[in-house]
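Report on the structure given below.
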Protein chains: 8
Amino acid sequence: MTLTVYLAGEIHSAWRAEVMAGCTDLDITFTAPVTDHDASDDCGVAIMGAESANFWHDHKGAKLNAIRTRLAISQADIVVVRFGEKYKQWNAAFDAGQAAALGKSLIVMHQPEHQHALKEIDAAALAVVETAGQVANILRYTLTGTLPR
Amino acid sequence: MTLTVYLAGEIHSAWRAEVMAGCTDLDITFTAPVTDHDASDDCGVAIMGAESANFWHDHKGAKLNAIRTRLAISQADIVVVRFGEKYKQWNAAFDAGQAAALGKSLIVMHQPEHQHALKEIDAAALAVVETAGQVANILRYTLTGTLPR
Amino acid sequence: MTLTVYLAGEIHSAWRAEVMAGCTDLDITFTAPVTDHDASDDCGVAIMGAESANFWHDHKGAKLNAIRTRLAISQADIVVVRFGEKYKQWNAAFDAGQAAALGKSLIVMHQPEHQHALKEIDAAALAVVETAGQVANILRYTLTGTLPR
Amino acid sequence: MTLTVYLAGEIHSAWRAEVMAGCTDLDITFTAPVTDHDASDDCGVAIMGAESANFWHDHKGAKLNAIRTRLAISQADIVVVRFGEKYKQWNAAFDAGQAAALGKSLIVMHQPEHQHALKEIDAAALAVVETAGQVANILRYTLTGTLPR
Amino acid sequence: MTLTVYLAGEIHSAWRAEVMAGCTDLDITFTAPVTDHDASDDCGVAIMGAESANFWHDHKGAKLNAIRTRLAISQADIVVVRFGEKYKQWNAAFDAGQAAALGKSLIVMHQPEHQHALKEIDAAALAVVETAGQVANILRYTLTGTLPR
Amino acid sequence: MTLTVYLAGEIHSAWRAEVMAGCTDLDITFTAPVTDHDASDDCGVAIMGAESANFWHDHKGAKLNAIRTRLAISQADIVVVRFGEKYKQWNAAFDAGQAAALGKSLIVMHQPEHQHALKEIDAAALAVVETAGQVANILRYTLTGTLPR
Amino acid sequence: MTLTVYLAGEIHSAWRAEVMAGCTDLDITFTAPVTDHDASDDCGVAIMGAESANFWHDHKGAKLNAIRTRLAISQADIVVVRFGEKYKQWNAAFDAGQAAALGKSLIVMHQPEHQHALKEIDAAALAVVETAGQVANILRYTLTGTLPR
Amino acid sequence: MTLTVYLAGEIHSAWRAEVMAGCTDLDITFTAPVTDHDASDDCGVAIMGAESANFWHDHKGAKLNAIRTRLAISQADIVVVRFGEKYKQWNAAFDAGQAAALGKSLIVMHQPEHQHALKEIDAAALAVVETAGQVANILRYTLTGTLPR
């Protein structure tokens, strides 16, 4: 058994690297959105031409990014969604909704302070955790049946 | 042609009533989540017994509410998601994600100030509007081909 | 919104009648397996001819019953599975597995003593209850948003 | 042609090893649930934190195990479900139900004494056997067309 | 519970009328292919223009008939396939294959002399019978749980 | 048996009315796109606000129209696509592609001069005709088995 | 692009070897049912124990063979069905029906004398041929775009 | 992450080679229809025998080509459809419709003069471009997150 794991959500901390660092000996393919904030924001107009209105500037970029994110979600066995401390992060919740509707195993990672606001998403998840280490432990257990000592 | 329309998102303003008021002569079945905030928060423990931990209190309730919301989304031809002025509203984005993954026609309603934060969800929508009247106009046009004068 | 609810599992108590008695004013279509134990056991050979081996006697009957149960599960919005006090009840768990795989909202009803043995099925459910009254309360809340006083 | 075969059910005998021993020369990928009973029971709290109530202790663990079992069932070409001599084994029947609903080829393995109680599951199976050797023979025949001498 | 039942196969005997005569008090919608042999053979060229080659004459007709048969199979809860005494009847077996692949409950009706030649189709069926009366009995049992006296 | 038939394609002739006129005694629900050319072109900006660029003007309108056309195609049992004498009509071919991929029964209506250019679409159709009368004859035959005299 | 091709139908001539001989330089995985007639007939009882009734003898075998044939059909990109000169061959037509319902590209191979009896199956096919060489030519063209000289 | 990209549409310019030339260092599998115009037109009769009517000549060929094009579309992660300067190109729009209905990420490539006529197809796309270089830039960004300098 191998795993393909999509790491969705927050792009302003090192949590993806921490998850991967805890799984270097496991047969897992990790995927992620483009995590370069500026590239992600401007990709549409950079390739397909400038727009004067913010809405269409963002629209072109968001659709272009969707090519990658939809594909990655559809190919994933497990989708991990990290909610960070800042921003609205509606795209993280949107990714979680897609994952849930497609029947993907969902793992949600967030601090306790967001527990009430995330209750619907947590309720659709198979695991709710606070740290990247816990995500790695879950992936290890799923693949090998081994628990942390 | 008839329509079943799920009105998701904000529960603290009269937008659902306004949409429906604009469609009284149309053959539309409107559905919605439970919009009584207290009932929605406490339904799980009220029926299935109290929990000492907030997480499980909310978990029981969120799962119970999911019986209604999942069914309504799956039965809808169109899902309208309203993002309001307050709260995290991650459940609204989560509903939008489910609707998008299930191939539902998605209409998103929000103020311009949230445009950048909602760009991924707007990009998955077939219409982005600001007012309940615009939602009603879209439903009328979809059913009858008639535009507002 | 209306509901179609399949009442699976135990056939030796009055729990189905109790659920239905609590929902007489609600727009719900209830379905169930054939609950006449003898008819259910012998239907295959009664219609299609006797078998000398128990295995084929049961096989003919079980397949015939599957016409009804598969259809009812596939048409249900909600599947309620009741585990009683007696018998192996593997068919109840089998129905729960089918319901879960088809994405049906699952409600499990059992006594606390079976909690550990049913943990995998409870984990796939949106609600776990002990009484028929709780099932009725959930169906009422799902349709009307009203909680028991 | 290669096969992916999920070996579900009883974890207290050597039947999985016996099946695999009979297929060492065949191109089969075998998968299984975590068969360490203690790890399987405690995985949820071991990784995500202790719970005071048995229900939530088990709930966390059962959901965590579901990440592996759902994935394995969905990836399997054939699901073999072994019912042993002890315990309720409702999770085995639950797995069989999932496999049946997903259209997987189902092989059921049990002693004759359970024949009547398992008739619904047997009726959904493409083969019903008593021994691990018979399972191996079926897998060999499926891949190579060769029957036991 | 209501049933939609597609009666496929032989068109040269009264078996459809016999099945329906046994179910007049039941809530069943029966569908069937066009049973006028000449109309069925010539419909394509009658509506869309003559063809000089038999292959295209038949091709036009077979595709036109497929509009009805595919729709009826896809809408059916139960597909009954009757194999008669004469002709190749490959279209009956073709309908059975479609029904099986779509997960429809399949009932096969044929005389014992065809048992070996039909074993693959019988193996995919939930019931194998010889008479129209048995089909009616099965439909009655499925809907009402009542067995013939 | 009833039919839902989507009439796609050309909006500048009376072919839809002719098809319907030939089916007044049949149990058919006909659906169609908005056939008011100006409303169809301008609906997006009329409801959601003007755009300076033609591309976004058209984009808003085309997405809005897609709410109706996607729904109608998904609900149809049969999709009839009429290619007329003028314009590029790429949207007609696009509708045909959607219908084919969704497994809808496809009827294509066009003049012989377009035969070569439409060969891929004709090859996916169950019937290819030239006149509205032929479409009506096909619908009549599908529902009643009656051929034109 | 590679192809997986299931060769269904007649097992009493060398047509499979001829198709494969014409494709030795192409990247194609060929699959087939068990073509040893005796093994195919007796596999069920050979592995799972004798039956006194012919029906159950055949039933056990046909279900066992279905493990292989269903899997092969579901994994195939193209299903070729050969109808030979002898026997009822209902299983060939049944395989064709499954392939059609699953949206597989279907190629039918038969002599002209069976044209009328096979018209429904031919109408669901993308190619109808008479010889193994034509099948090989189609597979070569599909993969490489090269036509026979 | 790797990509499979189907390059549909115009076969009379070098655009496919240009896209591929811009992606030589990326892990992308490109697929395409048969681009030899004569082979594509005559393949049916060349392999399966001549037809006197143009309609059936084209019909045989179009169905044969569909084996390749349907498979390629179904296997693609991204479908790029190029509309050129000449011909009706209804098959390009038909491919776009299939891709959209199957949920593939769609990229449309055309000159500004066709903008209005292609608005429905553009509205279903995640990117609309004019040049092969832009297609290559999108594929590069999707796989690597790198924008053109």
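The way I read the labels, and the way they are meant: chains A, B, ... in the order of the structure tokens, residue 1 as the first residue of every chain, and ligand 1 as the first ligand shown, with later ones counted on from there.
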
**Asked** Within 9 Å of chain G, which residues of chain H show up when using only C-alpha atoms, listed as a PyMOL selection string?
**Response** chain H and resi 29-31+33-36+39-40+43-44+46-48+60+62-72

**Request:** Name the residues in contact with range 97-99 of chain G at a cut-off of 8 Å, using only C-alpha atoms, excluding same-chain residues fewer than 2 positions from it; report them as a ChimeraX atom specification.
**Result:** /E:93-101 /G:73-74,79,93-95,101-106,121

**Which of chain C fall in strand (DSSP E), as number ranges by chain** = C: 3-9, 28-31, 78-82, 105-109, 127-129

Would you mind listing what lies within 9 Å of range 53-59 of chain E as a PDB file with N, CA and C atoms, in the first residue's frame, with only C-alpha atoms counted and same-chain residues fewer than 4 positions away left out?
```
ATOM      1  N   ASP E  41     -38.277  -4.181 -36.588  1.00  0.00           N
ATOM      2  CA  ASP E  41     -37.269  -4.431 -37.621  1.00  0.00           C
ATOM      3  C   ASP E  41     -37.130  -3.264 -38.600  1.00  0.00           C
ATOM      4  N   ASP E  42     -38.223  -2.592 -38.886  1.00  0.00           N
ATOM      5  CA  ASP E  42     -38.216  -1.615 -39.971  1.00  0.00           C
ATOM      6  C   ASP E  42     -38.272  -0.167 -39.520  1.00  0.00           C
ATOM      7  N   GLY E  44     -36.250   2.025 -38.394  1.00  0.00           N
ATOM      8  CA  GLY E  44     -35.202   2.937 -38.832  1.00  0.00           C
ATOM      9  C   GLY E  44     -35.432   3.463 -40.230  1.00  0.00           C
ATOM     10  N   VAL E  45     -35.636   2.551 -41.156  1.00  0.00           N
ATOM     11  CA  VAL E  45     -35.814   3.001 -42.547  1.00  0.00           C
ATOM     12  C   VAL E  45     -37.186   3.635 -42.759  1.00  0.00           C
ATOM     13  N   LYS E  63     -30.488   1.033 -33.640  1.00  0.00           N
ATOM     14  CA  LYS E  63     -30.147   2.236 -32.872  1.00  0.00           C
ATOM     15  C   LYS E  63     -31.404   2.961 -32.415  1.00  0.00           C
ATOM     16  N   LEU E  64     -32.389   2.999 -33.290  1.00  0.00           N
ATOM     17  CA  LEU E  64     -33.627   3.679 -32.928  1.00  0.00           C
ATOM     18  C   LEU E  64     -34.301   2.947 -31.759  1.00  0.00           C
TER      19      LEU E  64
ATOM     20  N   GLN G 115     -25.663 -11.535 -39.000  1.00  0.00           N
ATOM     21  CA  GLN G 115     -25.830 -10.070 -38.981  1.00  0.00           C
ATOM     22  C   GLN G 115     -27.180  -9.645 -38.398  1.00  0.00           C
ATOM     23  N   HIS G 116     -28.253 -10.264 -38.865  1.00  0.00           N
ATOM     24  CA  HIS G 116     -29.563  -9.814 -38.393  1.00  0.00           C
ATOM     25  C   HIS G 116     -29.761 -10.115 -36.901  1.00  0.00           C
ATOM     26  N   LYS G 119     -27.932  -7.568 -34.578  1.00  0.00           N
ATOM     27  CA  LYS G 119     -28.036  -6.142 -34.938  1.00  0.00           C
ATOM     28  C   LYS G 119     -28.031  -5.222 -33.734  1.00  0.00           C
ATOM     29  N   GLU G 120     -28.627  -5.627 -32.629  1.00  0.00           N
ATOM     30  CA  GLU G 120     -28.625  -4.763 -31.446  1.00  0.00           C
ATOM     31  C   GLU G 120     -27.204  -4.605 -30.879  1.00  0.00           C
ATOM     32  N   ASP G 122     -24.336  -5.115 -32.624  1.00  0.00           N
ATOM     33  CA  ASP G 122     -23.574  -4.346 -33.615  1.00  0.00           C
ATOM     34  C   ASP G 122     -23.870  -2.842 -33.481  1.00  0.00           C
ATOM     35  N   ALA G 123     -25.109  -2.514 -33.177  1.00  0.00           N
ATOM     36  CA  ALA G 123     -25.488  -1.097 -33.089  1.00  0.00           C
ATOM     37  C   ALA G 123     -24.833  -0.395 -31.908  1.00  0.00           C
TER      38      ALA G 123
ATOM     39  N   TRP H  56     -22.221   6.499 -44.791  1.00  0.00           N
ATOM     40  CA  TRP H  56     -21.714   5.309 -44.107  1.00  0.00           C
ATOM     41  C   TRP H  56     -20.194   5.211 -44.197  1.00  0.00           C
TER      42      TRP H  56
END
```

**Item:** Computed interatomic separation between CA of Thr2 in chain B and CA of Gln75 in chain B (Å)
**Value:** 12.7 Å

**Item:** Test item, helix (DSSP H, G or I) assignment across range 72-118 of chain C, answer as a PyMOL selection string
**Value:** chain C and resi 72-75+90-101+112-114

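We find CA of Lys88 in chain G and CA of His114 in chain E to be spaced 9.2 Å apart.
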
**Request:** Please measure the separation of CA of Ala132 in chain C and CA of Ile11 in chain C, giving the value in Å to one decimal.
**Result:** 13.6 Å
